[in-house]
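A.B. asks: Pasting upload.cif below, which is mmCIF, C-alpha atoms and all ligand atoms.
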data_target
#
loop_
_atom_site.group_PDB
_atom_site.id
_atom_site.type_symbol
_atom_site.label_atom_id
_atom_site.label_comp_id
_atom_site.auth_asym_id
_atom_site.auth_seq_id
_atom_site.Cartn_x
_atom_site.Cartn_y
_atom_site.Cartn_z
ATOM 1 C CA MET R 1 -14.573 12.569 0.268
ATOM 2 C CA ARG R 2 -11.979 9.810 0.580
ATOM 3 C CA LYS R 3 -10.270 9.343 3.946
ATOM 4 C CA PRO R 4 -6.472 9.476 3.454
ATOM 5 C CA ILE R 5 -4.532 6.395 4.494
ATOM 6 C CA VAL R 6 -0.854 6.300 5.419
ATOM 7 C CA VAL R 7 0.791 2.897 5.805
ATOM 8 C CA GLY R 8 4.328 2.087 6.934
ATOM 9 C CA ASN R 9 5.990 -0.769 5.068
ATOM 10 C CA TRP R 10 8.773 -1.829 7.395
ATOM 11 C CA LYS R 11 10.136 -4.373 4.876
ATOM 12 C CA LEU R 12 12.835 -6.645 6.347
ATOM 13 C CA ASN R 13 13.537 -4.486 9.409
ATOM 14 C CA GLY R 14 12.777 -4.672 13.096
ATOM 15 C CA THR R 15 13.561 -6.182 16.487
ATOM 16 C CA GLU R 16 11.206 -6.629 19.425
ATOM 17 C CA ALA R 17 12.808 -3.740 21.297
ATOM 18 C CA GLY R 18 13.007 -1.489 18.254
ATOM 19 C CA ASN R 19 9.380 -2.161 17.285
ATOM 20 C CA GLU R 20 8.235 -1.293 20.780
ATOM 21 C CA ALA R 21 9.975 2.092 20.658
ATOM 22 C CA LEU R 22 8.789 2.838 17.117
ATOM 23 C CA VAL R 23 5.158 1.984 17.853
ATOM 24 C CA ALA R 24 5.233 3.972 21.103
ATOM 25 C CA GLY R 25 6.467 6.970 19.127
ATOM 26 C CA VAL R 26 3.709 6.637 16.536
ATOM 27 C CA LEU R 27 1.039 6.111 19.186
ATOM 28 C CA SER R 28 2.075 9.288 21.006
ATOM 29 C CA GLU R 29 0.383 11.302 18.272
ATOM 30 C CA MET R 30 -2.423 9.016 17.138
ATOM 31 C CA SER R 31 -5.029 11.189 18.856
ATOM 32 C CA ASN R 32 -4.226 14.044 16.418
ATOM 33 C CA LEU R 33 -4.651 11.778 13.412
ATOM 34 C CA ALA R 34 -8.316 10.840 13.768
ATOM 35 C CA ASP R 35 -9.138 12.160 10.270
ATOM 36 C CA ILE R 36 -6.907 9.624 8.519
ATOM 37 C CA ASP R 37 -6.253 5.884 8.649
ATOM 38 C CA VAL R 38 -2.775 4.894 9.819
ATOM 39 C CA ALA R 39 -1.261 1.416 9.782
ATOM 40 C CA VAL R 40 2.114 -0.300 9.930
ATOM 41 C CA CYS R 41 3.191 -3.541 8.268
ATOM 42 C CA PRO R 42 5.974 -5.344 10.163
ATOM 43 C CA PRO R 43 7.591 -8.634 9.105
ATOM 44 C CA PHE R 44 5.242 -11.603 9.775
ATOM 45 C CA VAL R 45 6.874 -12.750 13.005
ATOM 46 C CA TYR R 46 6.335 -9.338 14.590
ATOM 47 C CA VAL R 47 2.703 -8.918 13.541
ATOM 48 C CA PRO R 48 1.300 -10.334 16.825
ATOM 49 C CA GLN R 49 3.685 -8.159 18.865
ATOM 50 C CA VAL R 50 2.659 -5.004 17.021
ATOM 51 C CA VAL R 51 -1.040 -5.916 17.158
ATOM 52 C CA GLY R 52 -0.594 -6.206 20.924
ATOM 53 C CA LEU R 53 1.170 -2.841 21.168
ATOM 54 C CA ALA R 54 -1.555 -1.169 19.064
ATOM 55 C CA LYS R 55 -4.461 -2.790 20.907
ATOM 56 C CA GLY R 56 -7.158 -0.315 21.864
ATOM 57 C CA THR R 57 -5.728 2.380 19.567
ATOM 58 C CA ALA R 58 -6.638 3.440 16.024
ATOM 59 C CA LEU R 59 -3.304 2.172 14.638
ATOM 60 C CA GLY R 60 -3.926 -0.650 12.164
ATOM 61 C CA VAL R 61 -1.520 -3.495 11.469
ATOM 62 C CA GLY R 62 -0.915 -5.415 8.262
ATOM 63 C CA GLY R 63 1.250 -8.064 6.631
ATOM 64 C CA GLN R 64 3.652 -7.374 3.762
ATOM 65 C CA ASN R 65 2.565 -10.392 1.736
ATOM 66 C CA CYS R 66 0.486 -13.551 2.128
ATOM 67 C CA SER R 67 -0.052 -16.877 0.456
ATOM 68 C CA GLU R 68 -2.853 -17.424 -2.042
ATOM 69 C CA GLN R 69 -3.453 -20.694 -0.128
ATOM 70 C CA SER R 70 -5.338 -20.910 3.136
ATOM 71 C CA SER R 71 -3.731 -24.088 4.543
ATOM 72 C CA GLY R 72 -1.890 -27.236 3.597
ATOM 73 C CA ALA R 73 1.517 -28.426 2.433
ATOM 74 C CA PHE R 74 3.035 -25.073 1.481
ATOM 75 C CA THR R 75 6.223 -24.882 3.531
ATOM 76 C CA GLY R 76 7.253 -21.382 4.511
ATOM 77 C CA GLU R 77 3.996 -19.707 3.529
ATOM 78 C CA VAL R 78 1.656 -17.596 5.684
ATOM 79 C CA ALA R 79 -2.079 -17.706 4.968
ATOM 80 C CA PRO R 80 -4.212 -14.571 4.959
ATOM 81 C CA GLU R 81 -6.493 -16.293 7.485
ATOM 82 C CA MET R 82 -3.504 -16.477 9.843
ATOM 83 C CA LEU R 83 -2.923 -12.744 9.509
ATOM 84 C CA SER R 84 -6.545 -12.011 10.376
ATOM 85 C CA ASP R 85 -6.440 -14.593 13.157
ATOM 86 C CA VAL R 86 -3.654 -12.672 14.917
ATOM 87 C CA GLY R 87 -5.374 -9.318 14.431
ATOM 88 C CA ALA R 88 -3.974 -7.867 11.196
ATOM 89 C CA ARG R 89 -6.390 -5.833 9.077
ATOM 90 C CA TYR R 90 -4.330 -5.121 5.956
ATOM 91 C CA VAL R 91 -1.956 -6.929 3.647
ATOM 92 C CA ILE R 92 0.380 -5.380 1.064
ATOM 93 C CA LEU R 93 0.173 -7.389 -2.164
ATOM 94 C CA GLY R 94 2.140 -7.203 -5.396
ATOM 95 C CA HIS R 95 4.841 -4.945 -4.002
ATOM 96 C CA SER R 96 7.459 -4.387 -6.705
ATOM 97 C CA GLU R 97 10.073 -6.196 -4.584
ATOM 98 C CA ARG R 98 7.791 -9.261 -4.530
ATOM 99 C CA ARG R 99 7.221 -8.976 -8.262
ATOM 100 C CA ALA R 100 10.884 -8.431 -9.165
ATOM 101 C CA LEU R 101 12.708 -10.592 -6.590
ATOM 102 C CA TYR R 102 10.189 -13.393 -5.964
ATOM 103 C CA GLY R 103 8.613 -13.799 -9.371
ATOM 104 C CA GLU R 104 5.074 -12.742 -8.504
ATOM 105 C CA THR R 105 3.094 -12.363 -11.716
ATOM 106 C CA ASP R 106 -0.074 -10.326 -12.192
ATOM 107 C CA GLU R 107 -2.033 -13.593 -11.991
ATOM 108 C CA ILE R 108 -0.434 -14.653 -8.701
ATOM 109 C CA VAL R 109 -1.094 -11.198 -7.270
ATOM 110 C CA SER R 110 -4.727 -11.485 -8.343
ATOM 111 C CA GLU R 111 -5.016 -14.879 -6.595
ATOM 112 C CA LYS R 112 -3.502 -13.391 -3.445
ATOM 113 C CA VAL R 113 -6.004 -10.528 -3.554
ATOM 114 C CA LYS R 114 -8.819 -13.056 -3.763
ATOM 115 C CA ALA R 115 -7.494 -15.048 -0.809
ATOM 116 C CA ALA R 116 -6.915 -11.915 1.277
ATOM 117 C CA LEU R 117 -10.423 -10.600 0.642
ATOM 118 C CA HIS R 118 -11.840 -14.010 1.501
ATOM 119 C CA ALA R 119 -9.988 -13.855 4.818
ATOM 120 C CA GLY R 120 -11.468 -10.427 5.558
ATOM 121 C CA LEU R 121 -8.243 -8.458 5.066
ATOM 122 C CA THR R 122 -7.959 -5.181 3.168
ATOM 123 C CA PRO R 123 -5.436 -5.744 0.370
ATOM 124 C CA ILE R 124 -3.133 -2.866 -0.498
ATOM 125 C CA LEU R 125 -2.542 -3.608 -4.160
ATOM 126 C CA CYS R 126 0.749 -2.185 -5.444
ATOM 127 C CA VAL R 127 1.177 -1.237 -9.079
ATOM 128 C CA GLY R 128 3.863 0.722 -10.878
ATOM 129 C CA GLU R 129 6.356 0.804 -13.711
ATOM 130 C CA THR R 130 10.123 0.401 -13.840
ATOM 131 C CA LEU R 131 12.405 3.173 -15.084
ATOM 132 C CA GLU R 132 12.894 1.290 -18.341
ATOM 133 C CA GLU R 133 9.148 1.071 -18.845
ATOM 134 C CA ARG R 134 8.655 4.757 -18.076
ATOM 135 C CA GLU R 135 11.376 5.739 -20.512
ATOM 136 C CA ALA R 136 9.787 3.539 -23.183
ATOM 137 C CA ASP R 137 6.483 5.350 -22.572
ATOM 138 C CA GLU R 138 4.905 2.159 -21.228
ATOM 139 C CA THR R 139 3.769 3.420 -17.835
ATOM 140 C CA GLU R 140 0.061 3.385 -18.660
ATOM 141 C CA ALA R 141 0.220 0.037 -20.459
ATOM 142 C CA VAL R 142 1.992 -1.594 -17.490
ATOM 143 C CA VAL R 143 -0.338 -0.171 -14.869
ATOM 144 C CA ARG R 144 -3.392 -0.974 -17.018
ATOM 145 C CA GLN R 145 -2.280 -4.620 -17.263
ATOM 146 C CA GLN R 146 -1.519 -4.887 -13.523
ATOM 147 C CA LEU R 147 -5.013 -3.606 -12.723
ATOM 148 C CA ALA R 148 -6.742 -5.605 -15.448
ATOM 149 C CA ALA R 149 -5.488 -8.901 -14.020
ATOM 150 C CA VAL R 150 -6.950 -8.120 -10.605
ATOM 151 C CA ILE R 151 -10.229 -6.867 -12.082
ATOM 152 C CA ALA R 152 -10.486 -10.013 -14.226
ATOM 153 C CA GLY R 153 -9.838 -12.265 -11.248
ATOM 154 C CA ASN R 154 -11.910 -10.498 -8.613
ATOM 155 C CA GLY R 155 -14.413 -8.196 -10.301
ATOM 156 C CA ILE R 156 -14.559 -4.426 -10.056
ATOM 157 C CA LYS R 157 -16.628 -4.451 -6.847
ATOM 158 C CA ALA R 158 -13.690 -6.044 -5.033
ATOM 159 C CA PHE R 159 -12.019 -2.633 -5.192
ATOM 160 C CA GLU R 160 -14.581 -1.331 -2.691
ATOM 161 C CA ARG R 161 -12.685 -3.398 -0.121
ATOM 162 C CA MET R 162 -9.180 -2.580 -1.303
ATOM 163 C CA VAL R 163 -6.589 0.167 -1.330
ATOM 164 C CA ILE R 164 -4.328 0.763 -4.337
ATOM 165 C CA ALA R 165 -0.739 1.961 -4.028
ATOM 166 C CA TYR R 166 0.921 3.505 -7.069
ATOM 167 C CA GLU R 167 4.646 2.990 -6.622
ATOM 168 C CA PRO R 168 6.922 3.827 -9.531
ATOM 169 C CA VAL R 169 9.722 1.286 -9.088
ATOM 170 C CA TRP R 170 12.398 3.882 -9.910
ATOM 171 C CA ALA R 171 11.248 5.962 -6.923
ATOM 172 C CA ILE R 172 11.335 3.188 -4.311
ATOM 173 C CA GLY R 173 14.205 3.524 -1.881
ATOM 174 C CA THR R 174 16.133 5.694 -4.341
ATOM 175 C CA GLY R 175 15.467 9.112 -2.850
ATOM 176 C CA ARG R 176 14.154 10.000 -6.284
ATOM 177 C CA THR R 177 10.440 10.674 -5.880
ATOM 178 C CA ALA R 178 7.930 11.210 -8.661
ATOM 179 C CA SER R 179 6.985 14.860 -8.985
ATOM 180 C CA PRO R 180 3.481 15.605 -7.675
ATOM 181 C CA GLU R 181 2.394 16.157 -11.296
ATOM 182 C CA GLN R 182 3.895 12.861 -12.511
ATOM 183 C CA ALA R 183 2.214 10.992 -9.659
ATOM 184 C CA GLN R 184 -1.131 12.743 -10.107
ATOM 185 C CA GLN R 185 -1.142 11.874 -13.795
ATOM 186 C CA VAL R 186 -0.836 8.143 -13.092
ATOM 187 C CA HIS R 187 -3.285 8.290 -10.156
ATOM 188 C CA ALA R 188 -5.865 9.895 -12.444
ATOM 189 C CA PHE R 189 -5.148 7.233 -15.044
ATOM 190 C CA ILE R 190 -5.723 4.475 -12.457
ATOM 191 C CA ARG R 191 -9.007 6.027 -11.371
ATOM 192 C CA GLY R 192 -9.985 6.332 -15.028
ATOM 193 C CA GLN R 193 -9.320 2.636 -15.585
ATOM 194 C CA LEU R 194 -11.648 1.751 -12.713
ATOM 195 C CA ASP R 195 -14.174 4.340 -13.888
ATOM 196 C CA SER R 196 -14.582 2.536 -17.203
ATOM 197 C CA HIS R 197 -15.967 -0.401 -15.162
ATOM 198 C CA ASP R 198 -17.797 1.362 -12.325
ATOM 199 C CA ALA R 199 -17.852 5.104 -11.648
ATOM 200 C CA ARG R 200 -18.856 4.780 -8.009
ATOM 201 C CA VAL R 201 -16.038 2.359 -7.200
ATOM 202 C CA ALA R 202 -13.565 4.624 -9.017
ATOM 203 C CA GLN R 203 -14.585 7.613 -6.911
ATOM 204 C CA SER R 204 -14.429 5.764 -3.603
ATOM 205 C CA VAL R 205 -11.212 3.756 -3.907
ATOM 206 C CA ARG R 206 -8.208 5.205 -2.127
ATOM 207 C CA ILE R 207 -5.002 5.407 -4.158
ATOM 208 C CA GLN R 208 -1.799 5.872 -2.167
ATOM 209 C CA TYR R 209 1.458 7.115 -3.615
ATOM 210 C CA GLY R 210 4.643 5.298 -2.627
ATOM 211 C CA GLY R 211 8.313 5.877 -3.442
ATOM 212 C CA SER R 212 10.679 8.017 -1.355
ATOM 213 C CA VAL R 213 7.910 9.891 0.459
ATOM 214 C CA LYS R 214 9.464 12.032 3.202
ATOM 215 C CA PRO R 215 8.091 14.649 5.605
ATOM 216 C CA GLY R 216 9.460 17.315 3.239
ATOM 217 C CA ASN R 217 7.654 16.192 0.075
ATOM 218 C CA ALA R 218 4.503 14.594 1.521
ATOM 219 C CA ALA R 219 2.322 17.718 1.610
ATOM 220 C CA GLU R 220 2.814 18.468 -2.078
ATOM 221 C CA LEU R 221 2.108 14.889 -3.077
ATOM 222 C CA PHE R 222 -0.937 14.503 -0.840
ATOM 223 C CA GLY R 223 -2.271 17.839 -2.089
ATOM 224 C CA GLN R 224 -2.940 16.295 -5.515
ATOM 225 C CA PRO R 225 -6.615 15.543 -6.169
ATOM 226 C CA ASP R 226 -6.218 11.796 -6.798
ATOM 227 C CA ILE R 227 -3.570 11.021 -4.157
ATOM 228 C CA ASP R 228 -5.163 9.685 -0.973
ATOM 229 C CA GLY R 229 -2.171 9.113 1.289
ATOM 230 C CA GLY R 230 1.035 7.134 1.037
ATOM 231 C CA LEU R 231 2.777 3.790 1.370
ATOM 232 C CA ILE R 232 5.978 4.610 3.207
ATOM 233 C CA GLY R 233 9.143 2.500 3.303
ATOM 234 C CA GLY R 234 12.342 4.006 4.675
ATOM 235 C CA ALA R 235 10.698 6.967 6.371
ATOM 236 C CA SER R 236 8.314 4.685 8.295
ATOM 237 C CA LEU R 237 11.206 3.352 10.372
ATOM 238 C CA LYS R 238 11.588 6.621 12.297
ATOM 239 C CA ALA R 239 8.552 7.680 14.322
ATOM 240 C CA GLU R 240 9.209 11.383 13.790
ATOM 241 C CA ASP R 241 9.464 11.043 10.001
ATOM 242 C CA PHE R 242 6.448 8.764 9.769
ATOM 243 C CA LEU R 243 4.410 11.143 11.926
ATOM 244 C CA GLY R 244 5.497 14.107 9.806
ATOM 245 C CA ILE R 245 4.085 12.296 6.773
ATOM 246 C CA CYS R 246 0.884 11.384 8.670
ATOM 247 C CA ARG R 247 0.446 15.033 9.678
ATOM 248 C CA ALA R 248 0.775 16.114 6.049
ATOM 249 C CA ALA R 249 -2.026 13.698 5.143
ATOM 250 C CA ALA R 250 -4.201 14.880 8.030
ATOM 251 C CA ASP R 251 -3.666 18.493 6.939
ATOM 252 C CA THR R 252 -5.381 17.755 3.599
ATOM 253 C CA VAL R 253 -8.624 16.944 5.424
ATOM 254 C CA GLY R 254 -11.191 19.539 6.367
HETATM 255 P P1 LIG R 301 10.445 3.950 0.156
HETATM 256 O O1 LIG R 301 9.624 2.570 -0.090
HETATM 257 O O2 LIG R 301 9.497 4.891 0.867
HETATM 258 O O3 LIG R 301 11.609 3.551 1.006
HETATM 259 O O4 LIG R 301 10.835 4.451 -1.183
HETATM 260 C C1 LIG R 301 8.267 2.582 -0.442
HETATM 261 C C2 LIG R 301 7.789 1.168 -0.621
HETATM 262 O O5 LIG R 301 8.555 0.342 -1.152
HETATM 263 O O6 LIG R 301 6.650 0.825 -0.253
#
Before anything else, please render the file you have as structure tokens.
Ligand code: PGA
C.D. replies:
Amino acid sequence: MRKPIVVGNWKLNGTEAGNEALVAGVLSEMSNLADIDVAVCPPFVYVPQVVGLAKGTALGVGGQNCSEQSSGAFTGEVAPEMLSDVGARYVILGHSERRALYGETDEIVSEKVKAALHAGLTPILCVGETLEEREADETEAVVRQQLAAVIAGNGIKAFERMVIAYEPVWAIGTGRTASPEQAQQVHAFIRGQLDSHDARVAQSVRIQYGGSVKPGNAAELFGQPDIDGGLIGGASLKAEDFLGICRAAADTVG
């Protein structure tokens, strides 16, 4: 039985005052969410603030990216060791916005995974196809390649310490979510890819769905056999919406 995990990806949003209110809202219901893992990923500068607000609670905190370097002359970068030093537990890696807007290749993502694992963080590895790729019937080829690079660079056992997020690019921030069947099909494919290397790892790894998850569609998505929670963008910025999604994940347990 895999424990569902719901993570809020705040992207480039937040203020000290707004974060405080949002986290307080989420924390008000954390005691009902003991059967799932819940975390939020604020922009770097707010990670220490949110770690402080979540202290002593089950709410985890993560970064949205990190460097593949641990120190040195890399102006503007943030090392995974720094994230763990300030109390983060997770880091989102290979998000489609990083891949598309900041030129992150499969190889760079694999290096970042290695660095994050070395620093003791749990990487949330994002994979997913664009609309063009889906329409050209390339979804499986794209996802296979994204996974293969990380397996080649880190070994299959590394996935015991990771979370995967399947995020079809055409569903991110568009209000157009994958149908539960479309998502399940790719989640099963991802698990199958891992299974060809190690059956035990494939069964244990948690695969989140991401892309326009809302309180109204979360239950159907999370009800699929290979969907183990969600990576939530827009809807993670409102405590009530994020909690609605968390509740849907908790309802799949037990
Ligand atoms: P969305 O974003 O929920 O706003 O579609 C998901 C993500 O990019 O992680």
A.B. asks: So, counting only C-alpha atoms, which residue among R:Phe44, R:Tyr102, R:Tyr90, R:Phe159 is closest to Val78 of chain R?
C.D. replies: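 The shortest atom-to-atom distance to Val78 of chain R comes from R:Phe44.
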A.B. asks: For the file shown, what are the residues hit by the PyMOL selection byres (((chain R and resi 25-29) around 10) and not hetatm), laid out as a ChimeraX atom specification?
C.D. replies: /R:19-24,30-34,38-40,53-54,57-59,236,238-243,246-247
A.B. asks: Let me see if you get this right: every residue at most 10 Å from ligand LIG 301 (chain R), counting all atoms listed in the file, written as a PyMOL selection string.
C.D. replies: chain R and resi 7-11+64+92+95-97+126+165-177+209-214+230-237
A.B. asks: Can you pull out the residues contacting Arg200 of chain R? Cut-off 12 Å, using all atoms listed in the file, and skip same-chain residues under 4 positions away; I want them as a compact mmCIF listing (two decimals) with C-alpha atoms, in the frame of the given file.
C.D. replies:
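Below you can see part.txt, which holds the result:
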# COMPACT_ATOMS: atom_id res chain seq x y z
CA ILE R 156 -14.56 -4.43 -10.06
CA LYS R 157 -16.63 -4.45 -6.85
CA PHE R 159 -12.02 -2.63 -5.19
CA GLU R 160 -14.58 -1.33 -2.69
CA ARG R 191 -9.01 6.03 -11.37
CA GLY R 192 -9.98 6.33 -15.03
CA LEU R 194 -11.65 1.75 -12.71
CA ASP R 195 -14.17 4.34 -13.89
CA SER R 196 -14.58 2.54 -17.20
CA SER R 204 -14.43 5.76 -3.60
CA VAL R 205 -11.21 3.76 -3.91
A.B. asks: State, in Å with one decimal place, the distance from atom CA of Ala116 of chain R to atom CA of Leu93 of chain R.
C.D. replies: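 Separation of atom CA of Ala116 of chain R and atom CA of Leu93 of chain R: 9.1 Å.
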A.B. asks: So which one's closest to Pro215 of chain R, R:Gly63, R:Gly72, R:Gly244, R:Gly229? Using all atoms listed in the file, please.
C.D. replies: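 Of R:Gly63, R:Gly72, R:Gly244, R:Gly229, the one nearest Pro215 of chain R, counting all atoms listed in the file, is R:Gly244.
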A.B. asks: Within 9 Å of Val186 of chain R, counting all atoms listed in the file, which residues qualify if same-chain residues fewer than 2 places away don't, as a PDB file with C-alpha atoms, in the frame of the given file?
C.D. replies:
ATOM      1  CA  THR R 139       3.769   3.420 -17.835  1.00  0.00           C
ATOM      2  CA  GLU R 140       0.061   3.385 -18.660  1.00  0.00           C
ATOM      3  CA  VAL R 143      -0.338  -0.171 -14.869  1.00  0.00           C
ATOM      4  CA  TYR R 166       0.921   3.505  -7.069  1.00  0.00           C
ATOM      5  CA  GLU R 181       2.394  16.157 -11.296  1.00  0.00           C
ATOM      6  CA  GLN R 182       3.895  12.861 -12.511  1.00  0.00           C
ATOM      7  CA  ALA R 183       2.214  10.992  -9.659  1.00  0.00           C
ATOM      8  CA  GLN R 184      -1.131  12.743 -10.107  1.00  0.00           C
ATOM      9  CA  ALA R 188      -5.865   9.895 -12.444  1.00  0.00           C
ATOM     10  CA  PHE R 189      -5.148   7.233 -15.044  1.00  0.00           C
ATOM     11  CA  ILE R 190      -5.723   4.475 -12.457  1.00  0.00           C
ATOM     12  CA  ARG R 191      -9.007   6.027 -11.371  1.00  0.00           C
TER      13      ARG R 191
END
A.B. asks: Atom CA of Lys3 of chain R to atom CA of Ile36 of chain R: how many Å, to one decimal?
C.D. replies: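 Going from atom CA of Lys3 of chain R over to atom CA of Ile36 of chain R, I get 5.7 Å.
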A.B. asks: Run the PyMOL selection byres (((chain R and resi 155) around 12) and not hetatm) mentally over the shown coordinates, then write out the matched residues as a CSV table (one decimal) with C-alpha atoms, keeping the file's coordinate frame, using the chain letters and numbers from the document.
C.D. replies:
chain,number,residue,atom,x,y,z
R,110,SER,CA,-4.7,-11.5,-8.3
R,113,VAL,CA,-6.0,-10.5,-3.6
R,114,LYS,CA,-8.8,-13.1,-3.8
R,117,LEU,CA,-10.4,-10.6,0.6
R,147,LEU,CA,-5.0,-3.6,-12.7
R,148,ALA,CA,-6.7,-5.6,-15.4
R,149,ALA,CA,-5.5,-8.9,-14.0
R,150,VAL,CA,-7.0,-8.1,-10.6
R,151,ILE,CA,-10.2,-6.9,-12.1
R,152,ALA,CA,-10.5,-10.0,-14.2
R,153,GLY,CA,-9.8,-12.3,-11.2
R,154,ASN,CA,-11.9,-10.5,-8.6
R,156,ILE,CA,-14.6,-4.4,-10.1
R,157,LYS,CA,-16.6,-4.5,-6.8
R,158,ALA,CA,-13.7,-6.0,-5.0
R,159,PHE,CA,-12.0,-2.6,-5.2
R,160,GLU,CA,-14.6,-1.3,-2.7
R,161,ARG,CA,-12.7,-3.4,-0.1
R,162,MET,CA,-9.2,-2.6,-1.3
R,194,LEU,CA,-11.6,1.8,-12.7
R,197,HIS,CA,-16.0,-0.4,-15.2
R,198,ASP,CA,-17.8,1.4,-12.3
R,201,VAL,CA,-16.0,2.4,-7.2
A.B. asks: Can you tell me which residues surround Val45 of chain R at a distance of at most 12 Å, considering all atoms listed in the file, apart from same-chain residues fewer than 3 positions away, and format the answer as a ChimeraX atom specification?
C.D. replies: /R:12-16,19,41-42,48-51,62-64,78,82-83,86
A.B. asks: In Å to one decimal, how far is atom CA of Gln185 of chain R from atom CA of Leu221 of chain R?
C.D. replies: 11.6 Å
A.B. asks: Kindly add all heavy atoms to the incomplete segment 166-172 of chain R and provide the output as a short mmCIF file (atom, residue, chain, number, x, y, z; two decimals), in the frame of the given file.
C.D. replies:
data_model
loop_
_atom_site.label_atom_id
_atom_site.label_comp_id
_atom_site.auth_asym_id
_atom_site.auth_seq_id
_atom_site.Cartn_x
_atom_site.Cartn_y
_atom_site.Cartn_z
N TYR R 166 0.10 3.30 -5.87
CA TYR R 166 0.92 3.50 -7.07
C TYR R 166 2.35 3.77 -6.62
O TYR R 166 2.61 4.75 -5.91
CB TYR R 166 0.40 4.69 -7.91
CG TYR R 166 1.40 5.07 -8.98
CD1 TYR R 166 1.81 4.14 -9.93
CD2 TYR R 166 1.97 6.34 -9.01
CE1 TYR R 166 2.77 4.45 -10.88
CE2 TYR R 166 2.93 6.67 -9.97
CZ TYR R 166 3.31 5.72 -10.90
OH TYR R 166 4.27 6.04 -11.84
N GLU R 167 3.24 2.87 -7.01
CA GLU R 167 4.65 2.99 -6.62
C GLU R 167 5.54 2.84 -7.85
O GLU R 167 5.83 1.71 -8.26
CB GLU R 167 5.01 1.91 -5.59
CG GLU R 167 4.21 2.00 -4.31
CD GLU R 167 4.95 1.35 -3.14
OE1 GLU R 167 5.31 0.17 -3.24
OE2 GLU R 167 5.20 2.06 -2.16
N PRO R 168 5.97 3.95 -8.42
CA PRO R 168 6.92 3.83 -9.53
C PRO R 168 8.20 3.18 -9.00
O PRO R 168 8.77 3.64 -8.01
CB PRO R 168 7.16 5.28 -9.96
CG PRO R 168 6.60 6.15 -8.89
CD PRO R 168 5.67 5.34 -8.06
N VAL R 169 8.61 2.08 -9.62
CA VAL R 169 9.72 1.29 -9.09
C VAL R 169 10.98 2.13 -8.96
O VAL R 169 11.75 1.99 -8.01
CB VAL R 169 9.96 0.04 -9.98
CG1 VAL R 169 11.13 -0.78 -9.46
CG2 VAL R 169 8.71 -0.83 -10.04
N TRP R 170 11.19 3.04 -9.90
CA TRP R 170 12.40 3.88 -9.91
C TRP R 170 12.42 4.88 -8.75
O TRP R 170 13.44 5.51 -8.50
CB TRP R 170 12.51 4.62 -11.24
CG TRP R 170 11.23 5.28 -11.70
CD1 TRP R 170 10.25 4.70 -12.45
CD2 TRP R 170 10.80 6.61 -11.42
NE1 TRP R 170 9.22 5.59 -12.64
CE2 TRP R 170 9.53 6.76 -12.03
CE3 TRP R 170 11.35 7.69 -10.72
CZ2 TRP R 170 8.80 7.96 -11.95
CZ3 TRP R 170 10.64 8.87 -10.64
CH2 TRP R 170 9.38 9.00 -11.25
N ALA R 171 11.30 5.02 -8.05
CA ALA R 171 11.25 5.96 -6.92
C ALA R 171 11.35 5.26 -5.58
O ALA R 171 11.44 5.92 -4.54
CB ALA R 171 9.95 6.77 -6.99
N ILE R 172 11.35 3.93 -5.58
CA ILE R 172 11.34 3.19 -4.31
C ILE R 172 12.74 3.07 -3.75
O ILE R 172 13.62 2.47 -4.37
CB ILE R 172 10.71 1.79 -4.49
CG1 ILE R 172 9.24 1.92 -4.88
CG2 ILE R 172 10.87 0.96 -3.22
CD1 ILE R 172 8.54 0.60 -5.15
#
